[in-house]
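Q: This one is my_file-v4.txt, compact mmCIF, C-alpha atoms.
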```
# COMPACT_ATOMS: atom_id res chain seq x y z
CA MET V 1 13.69 14.33 11.07
CA ALA V 2 15.39 10.94 10.99
CA ASP V 3 16.46 9.49 7.66
CA LEU V 4 14.24 6.46 6.94
CA SER V 5 15.90 5.54 3.65
CA ALA V 6 17.09 1.96 3.25
CA ASN V 7 19.92 0.47 1.23
CA PHE V 8 19.43 -3.28 1.25
CA LEU V 9 21.91 -5.21 -0.90
CA GLY V 10 22.35 -2.05 -2.94
CA ILE V 11 18.57 -1.85 -3.47
CA LYS V 12 17.56 1.64 -2.39
CA SER V 13 14.15 2.72 -1.13
CA PRO V 14 12.90 5.89 0.61
CA ASN V 15 11.83 3.87 3.65
CA PRO V 16 12.24 0.27 4.87
CA PHE V 17 8.58 -0.64 4.42
CA TRP V 18 8.03 -3.04 1.52
CA LEU V 19 4.85 -4.82 0.54
CA ALA V 20 5.39 -8.56 0.85
CA SER V 21 4.80 -10.95 -2.02
CA ALA V 22 1.05 -11.53 -1.65
CA PRO V 23 -2.33 -10.41 -3.05
CA PRO V 24 -1.55 -6.68 -2.45
CA SER V 25 1.39 -6.91 -4.88
CA ASP V 26 -0.41 -8.93 -7.55
CA LYS V 27 -0.53 -6.41 -10.38
CA GLU V 28 0.37 -2.96 -11.67
CA TYR V 29 -2.78 -1.26 -10.38
CA ASN V 30 -2.19 -2.37 -6.79
CA VAL V 31 1.53 -1.61 -6.79
CA VAL V 32 1.06 1.89 -8.24
CA ARG V 33 -1.54 2.65 -5.56
CA ALA V 34 0.93 1.41 -2.94
CA PHE V 35 3.73 3.61 -4.26
CA GLU V 36 1.39 6.59 -4.42
CA ALA V 37 0.56 5.98 -0.76
CA GLY V 38 4.25 6.02 0.15
CA TRP V 39 5.51 2.43 0.34
CA GLY V 40 9.26 2.18 -0.09
CA GLY V 41 9.24 -1.00 -2.12
CA VAL V 42 7.38 -4.08 -3.16
CA VAL V 43 8.02 -7.76 -3.64
CA TRP V 44 5.89 -8.63 -6.65
CA LYS V 45 3.55 -11.55 -6.09
CA THR V 46 5.24 -14.86 -6.90
CA LEU V 47 5.62 -15.63 -10.59
CA GLY V 48 5.70 -19.13 -12.01
CA GLU V 49 5.86 -20.77 -15.41
CA ASP V 50 3.15 -20.67 -18.06
CA PRO V 51 0.48 -21.86 -18.29
CA PRO V 52 -0.55 -20.07 -15.08
CA ILE V 53 -1.92 -21.99 -12.14
CA VAL V 54 -5.66 -21.79 -11.37
CA ASN V 55 -6.82 -20.36 -8.06
CA VAL V 56 -10.06 -21.26 -6.31
CA ASN V 57 -13.06 -19.11 -7.21
CA GLY V 58 -14.44 -18.97 -3.71
CA PRO V 59 -13.39 -18.16 -0.16
CA ARG V 60 -9.60 -17.83 0.03
CA TYR V 61 -9.25 -16.07 3.36
CA ALA V 62 -10.31 -16.58 6.96
CA ALA V 63 -9.62 -14.41 10.00
CA LEU V 64 -9.05 -15.07 13.69
CA MET V 65 -10.69 -12.22 15.57
CA SER V 66 -10.11 -10.82 19.03
CA GLN V 67 -13.05 -10.15 21.32
CA ASP V 68 -13.17 -6.54 20.08
CA ARG V 69 -13.30 -7.75 16.45
CA ARG V 70 -9.72 -6.95 15.52
CA VAL V 71 -7.97 -9.29 13.11
CA ILE V 72 -5.17 -10.99 15.01
CA GLY V 73 -4.58 -13.87 12.61
CA PHE V 74 -5.20 -14.36 8.91
CA ASN V 75 -5.27 -17.52 6.80
CA ASN V 76 -5.17 -17.83 3.04
CA ILE V 77 -5.29 -20.67 0.51
CA GLU V 78 -4.43 -18.48 -2.48
CA LEU V 79 -1.62 -19.73 -4.72
CA ILE V 80 0.99 -17.82 -6.72
CA SER V 81 0.05 -15.44 -9.54
CA ASP V 82 -2.66 -16.86 -11.79
CA ARG V 83 -1.97 -14.34 -14.57
CA PRO V 84 0.21 -15.01 -17.64
CA LEU V 85 3.92 -14.60 -16.99
CA ARG V 86 4.34 -12.11 -19.84
CA THR V 87 1.57 -9.90 -18.44
CA ASN V 88 3.32 -9.73 -15.08
CA LEU V 89 6.73 -9.05 -16.63
CA ASP V 90 5.40 -6.22 -18.79
CA GLU V 91 3.75 -4.60 -15.77
CA ILE V 92 6.88 -4.94 -13.64
CA ARG V 93 8.89 -3.20 -16.36
CA ARG V 94 6.42 -0.31 -16.60
CA VAL V 95 6.15 0.19 -12.85
CA LYS V 96 9.91 0.16 -12.32
CA ARG V 97 10.44 2.74 -15.07
CA ALA V 98 7.71 4.98 -13.63
CA TRP V 99 8.97 4.65 -10.04
CA PRO V 100 12.77 4.35 -10.25
CA ASP V 101 13.31 5.38 -6.61
CA ARG V 102 11.25 2.46 -5.23
CA ALA V 103 12.50 -1.06 -4.59
CA MET V 104 11.18 -3.62 -7.06
CA VAL V 105 11.90 -7.22 -6.07
CA VAL V 106 10.27 -10.12 -7.92
CA SER V 107 9.25 -13.33 -6.13
CA LEU V 108 9.81 -16.54 -8.09
CA MET V 109 8.75 -20.18 -7.84
CA VAL V 110 9.38 -22.86 -10.45
CA PRO V 111 10.20 -26.57 -10.17
CA VAL V 112 13.62 -27.66 -8.89
CA GLU V 113 14.99 -27.88 -12.41
CA GLU V 114 18.02 -25.88 -13.53
CA ALA V 115 16.59 -25.10 -16.97
CA ALA V 116 13.34 -23.75 -15.51
CA TRP V 117 15.18 -21.37 -13.18
CA LYS V 118 17.52 -20.23 -15.95
CA ARG V 119 14.57 -19.37 -18.23
CA ILE V 120 12.63 -17.29 -15.75
CA LEU V 121 15.69 -15.53 -14.30
CA LEU V 122 16.69 -14.13 -17.68
CA MET V 123 13.16 -12.86 -18.30
CA VAL V 124 12.94 -11.16 -14.90
CA GLU V 125 16.34 -9.52 -15.22
CA ASP V 126 15.21 -8.00 -18.53
CA THR V 127 12.44 -6.04 -16.74
CA GLY V 128 14.88 -3.82 -14.85
CA ALA V 129 13.83 -5.22 -11.47
CA ASP V 130 16.18 -4.62 -8.55
CA GLY V 131 16.29 -8.14 -7.14
CA ILE V 132 14.66 -11.54 -6.86
CA GLU V 133 13.14 -13.37 -3.92
CA LEU V 134 13.03 -17.17 -4.05
CA ASN V 135 9.73 -18.38 -2.60
CA PHE V 136 10.74 -21.44 -0.60
CA GLY V 137 8.01 -20.85 1.95
CA CYS V 138 4.47 -21.20 0.57
CA PRO V 139 2.94 -24.05 2.64
CA HIS V 140 -0.17 -24.83 0.62
CA GLY V 141 -1.08 -25.81 -2.90
CA MET V 142 2.38 -25.30 -4.35
CA SER V 143 4.13 -27.47 -1.77
CA GLU V 144 2.04 -30.42 -2.91
CA ARG V 145 3.56 -29.83 -6.35
CA GLY V 146 7.14 -30.05 -5.05
CA MET V 147 7.67 -26.30 -4.74
CA GLY V 148 7.33 -23.67 -2.00
CA SER V 149 7.88 -25.10 1.47
CA ALA V 150 8.62 -28.51 -0.04
CA VAL V 151 11.89 -26.93 -1.18
CA GLY V 152 12.36 -24.79 1.95
CA GLN V 153 12.25 -27.87 4.17
CA VAL V 154 15.21 -29.51 2.39
CA PRO V 155 18.51 -27.63 2.89
CA GLU V 156 20.12 -29.33 -0.11
CA TYR V 157 17.36 -28.05 -2.42
CA ILE V 158 17.73 -24.54 -0.99
CA ARG V 159 21.46 -24.53 -1.61
CA ARG V 160 21.15 -25.98 -5.12
CA VAL V 161 18.50 -23.56 -6.40
CA THR V 162 20.28 -20.60 -4.83
CA GLU V 163 23.47 -21.59 -6.66
CA TRP V 164 21.58 -21.69 -9.97
CA CYS V 165 20.18 -18.21 -9.34
CA LYS V 166 23.62 -16.79 -8.57
CA LEU V 167 24.98 -18.50 -11.69
CA TYR V 168 22.35 -17.24 -14.13
CA SER V 169 21.40 -13.83 -12.72
CA ARG V 170 23.26 -10.71 -11.68
CA LEU V 171 20.37 -9.59 -9.48
CA PRO V 172 20.66 -9.73 -5.68
CA THR V 173 19.11 -13.00 -4.49
CA ILE V 174 16.91 -13.09 -1.39
CA VAL V 175 15.83 -16.52 -0.14
CA LYS V 176 12.41 -16.56 1.55
CA LEU V 177 12.34 -19.19 4.27
CA THR V 178 9.48 -21.33 5.58
CA PRO V 179 8.68 -21.44 9.30
CA ASN V 180 7.27 -24.94 8.83
CA ILE V 181 10.55 -26.51 9.85
CA THR V 182 12.20 -27.77 13.02
CA ASP V 183 15.25 -25.47 13.06
CA ILE V 184 15.35 -22.39 10.83
CA ARG V 185 19.12 -22.15 11.10
CA TYR V 186 19.73 -25.12 8.82
CA ALA V 187 17.69 -23.54 6.02
CA ALA V 188 19.46 -20.21 6.47
CA ARG V 189 22.87 -21.87 6.45
CA ALA V 190 21.98 -23.67 3.22
CA ALA V 191 20.94 -20.41 1.59
CA HIS V 192 24.20 -18.82 2.74
CA ALA V 193 26.20 -21.75 1.40
CA GLY V 194 24.46 -21.38 -1.96
CA GLY V 195 25.55 -17.77 -2.20
CA ALA V 196 22.32 -16.01 -1.18
CA ASP V 197 22.71 -12.28 -0.71
CA ALA V 198 20.03 -12.24 2.00
CA VAL V 199 17.14 -14.17 3.51
CA SER V 200 13.59 -13.05 4.20
CA LEU V 201 11.32 -14.58 6.82
CA ILE V 202 8.90 -15.79 7.86
CA ASN V 203 6.53 -17.08 5.23
CA THR V 204 3.12 -18.28 6.40
CA ILE V 205 2.53 -21.09 8.89
CA ASN V 206 0.50 -24.22 8.08
CA SER V 207 -2.93 -23.87 9.65
CA VAL V 208 -6.58 -24.85 9.74
CA MET V 209 -8.58 -21.85 10.90
CA GLY V 210 -11.58 -23.59 12.36
CA ILE V 211 -14.56 -25.90 12.05
CA ASP V 212 -18.16 -25.07 11.21
CA LEU V 213 -19.82 -27.14 13.93
CA ASP V 214 -23.25 -27.00 12.29
CA ARG V 215 -22.05 -28.39 8.96
CA MET V 216 -19.05 -30.26 10.42
CA THR V 217 -16.73 -28.88 7.78
CA MET V 218 -13.55 -26.88 8.08
CA TYR V 219 -13.51 -23.28 6.87
CA PRO V 220 -12.96 -21.62 4.56
CA SER V 221 -14.38 -24.35 2.37
CA ILE V 222 -15.12 -24.77 -1.30
CA ASP V 223 -18.17 -26.89 -2.06
CA GLY V 224 -17.99 -28.50 1.37
CA PHE V 225 -14.26 -29.18 1.43
CA GLY V 226 -11.28 -27.17 2.61
CA SER V 227 -7.50 -27.30 2.69
CA HIS V 228 -4.82 -26.21 5.12
CA GLY V 229 -3.60 -22.70 4.40
CA GLY V 230 -0.94 -20.17 5.35
CA TYR V 231 -1.32 -18.35 8.69
CA CYS V 232 -0.07 -14.79 9.12
CA GLY V 233 -0.91 -11.55 10.90
CA PRO V 234 -0.12 -10.14 14.37
CA ALA V 235 -0.40 -13.57 16.02
CA VAL V 236 2.69 -14.90 14.20
CA LYS V 237 4.99 -12.00 15.13
CA PRO V 238 6.61 -13.73 18.17
CA ILE V 239 7.40 -16.78 16.04
CA ALA V 240 8.91 -14.57 13.34
CA LEU V 241 11.02 -12.60 15.82
CA ASN V 242 12.41 -15.80 17.29
CA MET V 243 13.42 -17.16 13.91
CA VAL V 244 14.97 -13.85 12.87
CA ALA V 245 16.96 -13.79 16.11
CA GLU V 246 18.16 -17.36 15.62
CA ILE V 247 19.61 -16.46 12.23
CA ALA V 248 21.00 -13.11 13.38
CA ARG V 249 22.99 -14.70 16.23
CA ASP V 250 24.03 -17.95 14.55
CA ALA V 251 27.75 -18.11 13.79
CA GLY V 252 27.05 -19.49 10.32
CA THR V 253 24.61 -16.77 9.26
CA ARG V 254 25.10 -13.71 11.47
CA ASP V 255 26.58 -11.75 8.54
CA LEU V 256 23.60 -12.58 6.30
CA PRO V 257 21.27 -9.59 5.70
CA ILE V 258 17.64 -10.18 6.67
CA SER V 259 14.33 -8.79 5.43
CA GLY V 260 11.83 -9.26 8.25
CA ILE V 261 8.29 -10.55 7.73
CA GLY V 262 5.56 -11.68 10.11
CA GLY V 263 2.73 -9.75 11.73
CA ILE V 264 4.19 -6.27 11.28
CA THR V 265 1.28 -3.92 11.91
CA THR V 266 2.70 -0.91 13.74
CA TRP V 267 5.92 1.12 13.68
CA ARG V 268 6.86 -0.57 16.95
CA ASP V 269 6.66 -4.00 15.31
CA ALA V 270 8.92 -2.77 12.54
CA ALA V 271 11.42 -1.28 15.00
CA GLU V 272 11.62 -4.60 16.85
CA PHE V 273 12.47 -6.45 13.64
CA ILE V 274 15.09 -3.84 12.76
CA ALA V 275 16.59 -4.07 16.26
CA LEU V 276 17.00 -7.82 15.65
CA GLY V 277 18.91 -7.20 12.43
CA CYS V 278 16.37 -6.67 9.64
CA GLY V 279 17.44 -4.10 7.06
CA THR V 280 13.92 -3.91 5.62
CA VAL V 281 10.51 -5.13 6.75
CA GLN V 282 7.76 -6.59 4.60
CA VAL V 283 4.06 -6.10 5.30
CA CYS V 284 0.98 -7.91 3.98
CA THR V 285 -1.83 -8.56 6.47
CA ALA V 286 -1.86 -5.01 7.86
CA ALA V 287 -2.30 -3.62 4.35
CA MET V 288 -5.09 -6.12 3.64
CA VAL V 289 -6.90 -5.10 6.84
CA TYR V 290 -6.33 -1.33 6.84
CA GLY V 291 -5.38 -0.40 3.28
CA PHE V 292 -2.20 1.01 1.79
CA LYS V 293 -2.30 4.33 3.68
CA ILE V 294 -1.23 2.55 6.85
CA VAL V 295 2.30 3.19 5.59
CA GLU V 296 1.89 6.84 6.66
CA ASP V 297 1.47 5.77 10.28
CA LEU V 298 4.35 3.30 9.95
CA CYS V 299 6.71 5.99 8.66
CA SER V 300 5.67 8.77 11.06
CA GLY V 301 5.78 6.45 14.06
CA LEU V 302 9.21 5.07 13.19
CA ASN V 303 10.43 8.60 12.52
CA ASN V 304 9.24 9.82 15.92
CA PHE V 305 10.82 6.83 17.66
CA MET V 306 14.16 7.41 15.97
CA ASP V 307 14.12 11.14 16.74
CA SER V 308 13.31 10.53 20.41
CA HIS V 309 16.19 8.08 20.76
CA GLY V 310 18.73 10.06 18.77
CA TYR V 311 18.91 7.62 15.85
CA ALA V 312 19.66 9.53 12.66
CA ARG V 313 19.51 6.52 10.35
CA ILE V 314 18.10 2.99 10.33
CA GLU V 315 21.65 1.67 10.65
CA ASP V 316 22.03 3.36 14.04
CA PHE V 317 19.86 0.74 15.76
CA LEU V 318 20.00 -2.08 13.21
CA GLY V 319 20.72 -5.29 15.12
CA ARG V 320 21.23 -3.52 18.45
CA ALA V 321 19.06 -6.06 20.33
CA VAL V 322 20.63 -9.23 18.92
CA ALA V 323 23.22 -9.50 21.69
CA SER V 324 20.44 -9.62 24.30
CA VAL V 325 19.09 -12.93 22.95
CA LYS V 326 20.78 -15.84 24.73
CA ASP V 327 20.29 -19.51 25.39
CA TRP V 328 18.40 -20.25 28.62
CA ASN V 329 21.39 -21.80 30.37
CA VAL V 330 23.30 -18.50 30.46
CA LEU V 331 20.54 -16.48 32.12
CA ASN V 332 21.46 -14.92 35.47
CA LEU V 333 19.95 -17.06 38.23
CA ASN V 334 21.26 -14.64 40.85
CA ARG V 335 18.78 -11.96 39.80
CA VAL V 336 15.56 -11.87 41.85
CA GLU V 337 12.47 -9.82 41.03
CA LYS V 338 9.16 -9.34 42.84
CA ALA V 339 5.81 -8.00 41.68
CA VAL V 340 4.58 -4.66 43.05
CA ILE V 341 0.99 -3.35 42.77
CA ASN V 342 0.41 0.41 42.41
CA GLN V 343 -2.62 0.89 44.63
CA ASP V 344 -3.36 4.34 43.18
CA SER V 345 -4.08 3.00 39.69
CA CYS V 346 -5.42 -0.44 40.69
CA ILE V 347 -9.09 -0.82 39.70
CA GLN V 348 -9.61 -3.76 42.09
CA CYS V 349 -10.71 -6.12 39.32
CA GLY V 350 -8.99 -9.03 41.08
CA ARG V 351 -7.64 -10.72 37.98
CA CYS V 352 -4.10 -10.80 39.37
CA HIS V 353 -5.30 -12.51 42.54
CA VAL V 354 -7.39 -15.10 40.69
CA VAL V 355 -4.67 -16.19 38.27
CA CYS V 356 -1.96 -16.23 40.93
CA GLU V 357 -4.17 -18.15 43.34
CA ASP V 358 -5.42 -20.67 40.79
CA THR V 359 -2.46 -21.18 38.47
CA SER V 360 0.68 -19.77 40.03
CA HIS V 361 2.19 -19.36 43.51
CA GLN V 362 -0.56 -17.93 45.73
CA ALA V 363 1.47 -14.75 46.25
CA ILE V 364 -1.33 -12.17 45.99
CA SER V 365 -3.81 -11.86 48.83
CA ALA V 366 -7.29 -10.38 48.62
CA SER V 367 -8.99 -8.44 51.42
CA LYS V 368 -11.96 -6.12 51.77
CA ASP V 369 -12.02 -3.15 54.10
CA GLY V 370 -14.48 -0.73 52.53
CA LYS V 371 -13.11 -1.68 49.12
CA ARG V 372 -11.26 -4.61 47.66
CA HIS V 373 -7.53 -4.62 48.17
CA PHE V 374 -4.85 -6.83 46.64
CA GLU V 375 -1.32 -7.15 47.94
CA VAL V 376 1.78 -9.08 46.82
CA HIS V 377 3.50 -11.16 49.50
CA GLU V 378 7.19 -11.29 48.63
CA GLU V 379 7.75 -14.46 50.62
CA ASP V 380 5.64 -16.35 48.04
CA CYS V 381 6.38 -14.38 44.84
CA VAL V 382 8.76 -16.04 42.37
CA GLY V 383 8.76 -13.07 39.99
CA CYS V 384 7.05 -14.98 37.18
CA ASN V 385 5.42 -11.83 35.71
CA LEU V 386 2.02 -13.50 35.17
CA CYS V 387 0.17 -10.79 37.08
CA VAL V 388 1.86 -8.07 35.02
CA SER V 389 0.92 -9.87 31.83
CA ILE V 390 -2.81 -10.10 32.55
CA CYS V 391 -3.40 -6.78 34.38
CA PRO V 392 -5.80 -4.66 32.26
CA VAL V 393 -4.32 -1.33 33.46
CA PRO V 394 -0.87 -0.56 32.00
CA ASN V 395 1.96 -0.05 34.50
CA THR V 396 -0.24 -0.85 37.50
CA ILE V 397 1.75 -3.96 38.33
CA SER V 398 5.51 -3.80 37.83
CA MET V 399 8.53 -5.86 38.73
CA ARG V 400 11.11 -4.70 41.29
CA ALA V 401 14.61 -6.17 41.22
CA LEU V 402 16.02 -6.95 44.65
CA GLN V 403 19.32 -5.19 45.18
CA PRO V 404 22.54 -6.92 46.26
CA GLY V 405 22.43 -7.44 50.02
CA GLU V 406 18.63 -7.71 50.24
CA ILE V 407 17.19 -10.95 51.59
CA ASP V 408 14.86 -12.90 49.33
CA LYS V 409 11.98 -13.54 51.71
CA ARG V 410 10.95 -16.61 49.75
CA THR V 411 14.28 -18.42 50.09
CA GLY V 412 15.91 -16.55 52.98
CA ILE V 413 19.05 -16.14 50.85
CA GLU V 414 20.89 -12.87 50.45
CA VAL V 415 20.74 -11.61 46.87
CA SER V 416 24.12 -11.19 45.21
CA GLY V 417 23.02 -9.95 41.80
CA ASP V 418 26.43 -11.06 40.57
CA TYR V 419 26.08 -12.20 36.99
CA ALA V 420 29.80 -12.78 36.63
CA ASN V 421 29.71 -15.07 39.66
CA TRP V 422 26.73 -16.96 38.23
CA THR V 423 28.43 -17.51 34.87
CA THR V 424 31.50 -18.79 36.72
CA HIS V 425 29.30 -21.29 38.56
CA ARG V 426 27.58 -22.27 35.34
CA ASN V 427 30.89 -23.01 33.65
CA ASN V 428 32.29 -24.76 36.74
CA PRO V 429 29.47 -26.65 38.49
CA ALA V 430 31.80 -27.75 41.29
CA ALA V 431 32.33 -24.12 42.28
CA ALA V 432 28.61 -23.65 42.81
CA GLN V 433 28.39 -26.38 45.43
```
Written as structure tokens, that's how I'd like the structure from this file.
A:
Amino acid sequence: MADLSANFLGIKSPNPFWLASAPPSDKEYNVVRAFEAGWGGVVWKTLGEDPPIVNVNGPRYAALMSQDRRVIGFNNIELISDRPLRTNLDEIRRVKRAWPDRAMVVSLMVPVEEAAWKRILLMVEDTGADGIELNFGCPHGMSERGMGSAVGQVPEYIRRVTEWCKLYSRLPTIVKLTPNITDIRYAARAAHAGGADAVSLINTINSVMGIDLDRMTMYPSIDGFGSHGGYCGPAVKPIALNMVAEIARDAGTRDLPISGIGGITTWRDAAEFIALGCGTVQVCTAAMVYGFKIVEDLCSGLNNFMDSHGYARIEDFLGRAVASVKDWNVLNLNRVEKAVINQDSCIQCGRCHVVCEDTSHQAISASKDGKRHFEVHEEDCVGCNLCVSICPVPNTISMRALQPGEIDKRTGIEVSGDYANWTTHRNNPAAAQ
């Protein structure tokens, strides 16, 4: 059995799966149930100053559903904790004492005022918590008050608050970044410059989930009116992976530990984040859709994956995929691939033909001789992978790389497959002519 234990900034947990700062980590009852189910850690729902904020007493969530009624996107307009600060702190202290082997990180959000941060940091440290997470990502409600993403969108604010936290607290400081920004690297660099021990990302994405066309109001709505909210769930995973990769390969932040967040629903999702450099992963939407016991599947699946690949510890594949992420201009233009249809497993649905004919390069022909038959014509195929992407039968359409010496029937040019030669041409355009 592989060892799933994590040691993130000196914060130890039996597995890398932490509950993200969100409704599931709002209070002692929830967190104890999560630990009983097997979660390795928790980021306590964001604490603010007293008096507590007031949340809406009506619809806070909305879901984007697939055709088979699976939740693929989730929106919320809930704010930070609406319970008294002292109540939260007392519960954090009790939970940490009862579960000393689990990670206990506390999310914080107060105004950009040094005195406010100093006050709350001292109170949190007194609970025995393992670390703090600075919520610079919340895109709704709090951002209008000059907090959350309003801070995360200004690198100077990120750096300044992070410096205060490192000055007034001995706890490891994780900076949670907003995706509602043009280039995530600037925010990460600011956190690094301020002394952050790590970053976590992504927080939720600004969104409006839809419109009720009968009432002509957005939803969810309260008394006929709604507000933009934070979007999360499986649909945001590609955005999160991209931002994680940008930080992991940036010269200014590549040594900065990362806690990955964004649409993690299966063990495979978690493994992808770890392969891009995330020492832990945080989960929210999956727990809200399936309950806390989903962690059992996450752990067993990750364990099986690691065993099958010979990885004894998380560190054995941590960041292994980062080097594969490059800028477009260094991709190998000498490599040529063509689509191939496996006729034995093809169900003759014709989707590949329709999309190629209508929207791509007219490289798949359709014929009927007793039954429908679809064939790829290499002289027209550009290897775009569209047919593979939409085929309903896994592995029925695949891509074949032409070998050096083969002739690309589309261009009539012999394939070299020489990446070194291509990079030489890229760096010396005159040599390519």
Q: For Phe374 (chain V), which residue out of V:Pro84, V:Pro24, V:Pro257, V:Gly350 is the nearest one, using all atoms listed in the file?
A: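 Selected residue with least distance to Phe374 (chain V): V:Gly350.
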Q: For a test of reading the model, state the distance in Å between CA of Tyr186 (chain V) and CA of Ala240 (chain V), rounded to one decimal.
A: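 CA of Ala240 (chain V) lies at a distance of 15.8 Å from CA of Tyr186 (chain V).
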Q: Write out as an MDAnalysis selection string which residues come within 12 Å of Thr280 (chain V) when counting only C-alpha atoms, dropping same-chain ones fewer than 6 positions away.
A: chainID V and resid 4:9 11:20 39:43 103 174 198:201 257:261 264 270:274 314:315 318:319
Q: Between V:Ala63, V:Ile247, V:Ile347, V:Ala34, single out the one closest to Thr396 (chain V), counting all atoms listed in the file.
A: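 With all atoms listed in the file as the atom set, the closest residue is V:Ile347.
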Q: Using only C-alpha atoms, which residue out of V:Val281, V:Ile390, V:Val382, V:Ala193 lies closest to Leu333 (chain V)?
A: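 Of all the options, V:Val382 lies closest to Leu333 (chain V).
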Q: Please determine, counting only C-alpha atoms, which residue among V:Ser169, V:Asn342, V:Ser324, V:Thr46 has the shortest atom-to-atom distance to Arg83 (chain V).
A: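 Closest candidate: V:Thr46.
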Q: Measure the distance from CA of Gln153 (chain V) to CA of Asn135 (chain V) in Å and round it to one decimal.
A: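 Result for CA of Gln153 (chain V) versus CA of Asn135 (chain V): 11.9 Å, one decimal.
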Q: Please give the centre and size of the box around region 164-176 of chain V (axis-aligned, containing every atom listed in the file, 5 Å added per side), with values in Å to one decimal and written as JSON.
A:
```
{"center_x": 18.7, "center_y": -15.6, "center_z": -6.3, "size_x": 22.6, "size_y": 22.1, "size_z": 25.7}
```
Q: Place a sphere of radius 12 Å on (-5.0, -14.4, 40.7) in the file coordinates and name every protein, DNA or RNA residue with an atom inside or on its surface, counting only C-alpha atoms; give the answer as JSON, numbers by chain.
A: {"V": [348, 349, 350, 351, 352, 353, 354, 355, 356, 357, 358, 359, 360, 361, 362, 363, 364, 365, 366, 374, 375, 376, 385, 386, 387, 388, 389, 390, 391]}
Q: From the list V:Ser227, V:Ser367, V:Ser207, V:Thr253, which residue is nearest Ile184 (chain V) when using only C-alpha atoms?
A: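 Looking only at the distances to Ile184 (chain V), the closest residue turns out to be V:Thr253.
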Q: Can you tell me how far CA of Asp50 (chain V) sits from CA of Leu85 (chain V), in Å to one decimal?
A: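 Answer for the CA of Asp50 (chain V) to CA of Leu85 (chain V) separation: 6.2 Å.
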Q: For Gly263 (chain V), which residue out of V:Ile413, V:Pro51, V:Gly73, V:Asp126 is the nearest one, using all atoms listed in the file?
A: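 Among the listed residues, the smallest separation from Gly263 (chain V) belongs to V:Gly73.
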Q: Find the spatial neighbours of Tyr231 (chain V), counting all atoms listed in the file, within a cut-off of 7 Å - ignore same-chain residues fewer than 5 positions away - and output them as a PyMOL selection string.
A: chain V and resi 73-76+204-207
Q: At a cut-off of 10 Å, using all atoms listed in the file, what residues contact Ala248 (chain V)? Leave out same-chain residues fewer than 4 positions from it and give the result as number ranges by chain.
A: V: 185, 242-244, 252-258, 276-278, 319, 322-323, 325
Q: Report as an MDAnalysis selection string all protein, DNA and RNA residues lying within 12 Å of Asp82 (chain V), evaluated on only C-alpha atoms, omitting residues in the same chain fewer than 2 positions from it.
A: chainID V and resid 23 26:27 45:57 78:80 84:88
Q: Which residues come within 12 Å of Asn304 (chain V), counting all atoms listed in the file, excluding same-chain residues fewer than 2 positions away, as a PDB file with C-alpha atoms, keeping the file's coordinate frame?
A:
```pdb
ATOM      1  CA  MET V   1      13.690  14.330  11.070  1.00  0.00           C
ATOM      2  CA  ALA V   2      15.390  10.940  10.990  1.00  0.00           C
ATOM      3  CA  ASP V   3      16.460   9.490   7.660  1.00  0.00           C
ATOM      4  CA  LEU V   4      14.240   6.460   6.940  1.00  0.00           C
ATOM      5  CA  TRP V 267       5.920   1.120  13.680  1.00  0.00           C
ATOM      6  CA  ARG V 268       6.860  -0.570  16.950  1.00  0.00           C
ATOM      7  CA  ALA V 271      11.420  -1.280  15.000  1.00  0.00           C
ATOM      8  CA  ASP V 297       1.470   5.770  10.280  1.00  0.00           C
ATOM      9  CA  LEU V 298       4.350   3.300   9.950  1.00  0.00           C
ATOM     10  CA  CYS V 299       6.710   5.990   8.660  1.00  0.00           C
ATOM     11  CA  SER V 300       5.670   8.770  11.060  1.00  0.00           C
ATOM     12  CA  GLY V 301       5.780   6.450  14.060  1.00  0.00           C
ATOM     13  CA  LEU V 302       9.210   5.070  13.190  1.00  0.00           C
ATOM     14  CA  MET V 306      14.160   7.410  15.970  1.00  0.00           C
ATOM     15  CA  ASP V 307      14.120  11.140  16.740  1.00  0.00           C
ATOM     16  CA  SER V 308      13.310  10.530  20.410  1.00  0.00           C
ATOM     17  CA  HIS V 309      16.190   8.080  20.760  1.00  0.00           C
ATOM     18  CA  GLY V 310      18.730  10.060  18.770  1.00  0.00           C
ATOM     19  CA  TYR V 311      18.910   7.620  15.850  1.00  0.00           C
ATOM     20  CA  ALA V 312      19.660   9.530  12.660  1.00  0.00           C
TER      21      ALA V 312
END
```
Q: Could region 361-366 of chain V be completed with N, CA and C atoms and returned as an mmCIF file, in the frame of the given file?
A:
```
data_model
loop_
_atom_site.group_PDB
_atom_site.id
_atom_site.type_symbol
_atom_site.label_atom_id
_atom_site.label_comp_id
_atom_site.auth_asym_id
_atom_site.auth_seq_id
_atom_site.Cartn_x
_atom_site.Cartn_y
_atom_site.Cartn_z
ATOM 1 N N HIS V 361 1.527 -19.078 42.244
ATOM 2 C CA HIS V 361 2.190 -19.360 43.510
ATOM 3 C C HIS V 361 1.503 -18.785 44.745
ATOM 4 N N GLN V 362 0.232 -18.417 44.599
ATOM 5 C CA GLN V 362 -0.560 -17.930 45.730
ATOM 6 C C GLN V 362 0.155 -16.801 46.469
ATOM 7 N N ALA V 363 0.674 -15.840 45.675
ATOM 8 C CA ALA V 363 1.470 -14.750 46.250
ATOM 9 C C ALA V 363 0.712 -13.447 46.376
ATOM 10 N N ILE V 364 -0.550 -13.405 45.913
ATOM 11 C CA ILE V 364 -1.330 -12.170 45.990
ATOM 12 C C ILE V 364 -2.561 -12.423 46.841
ATOM 13 N N SER V 365 -2.671 -11.685 47.923
ATOM 14 C CA SER V 365 -3.810 -11.860 48.830
ATOM 15 C C SER V 365 -4.917 -10.878 48.488
ATOM 16 N N ALA V 366 -6.132 -11.243 48.831
ATOM 17 C CA ALA V 366 -7.290 -10.380 48.620
ATOM 18 C C ALA V 366 -7.941 -10.092 49.950
#
```
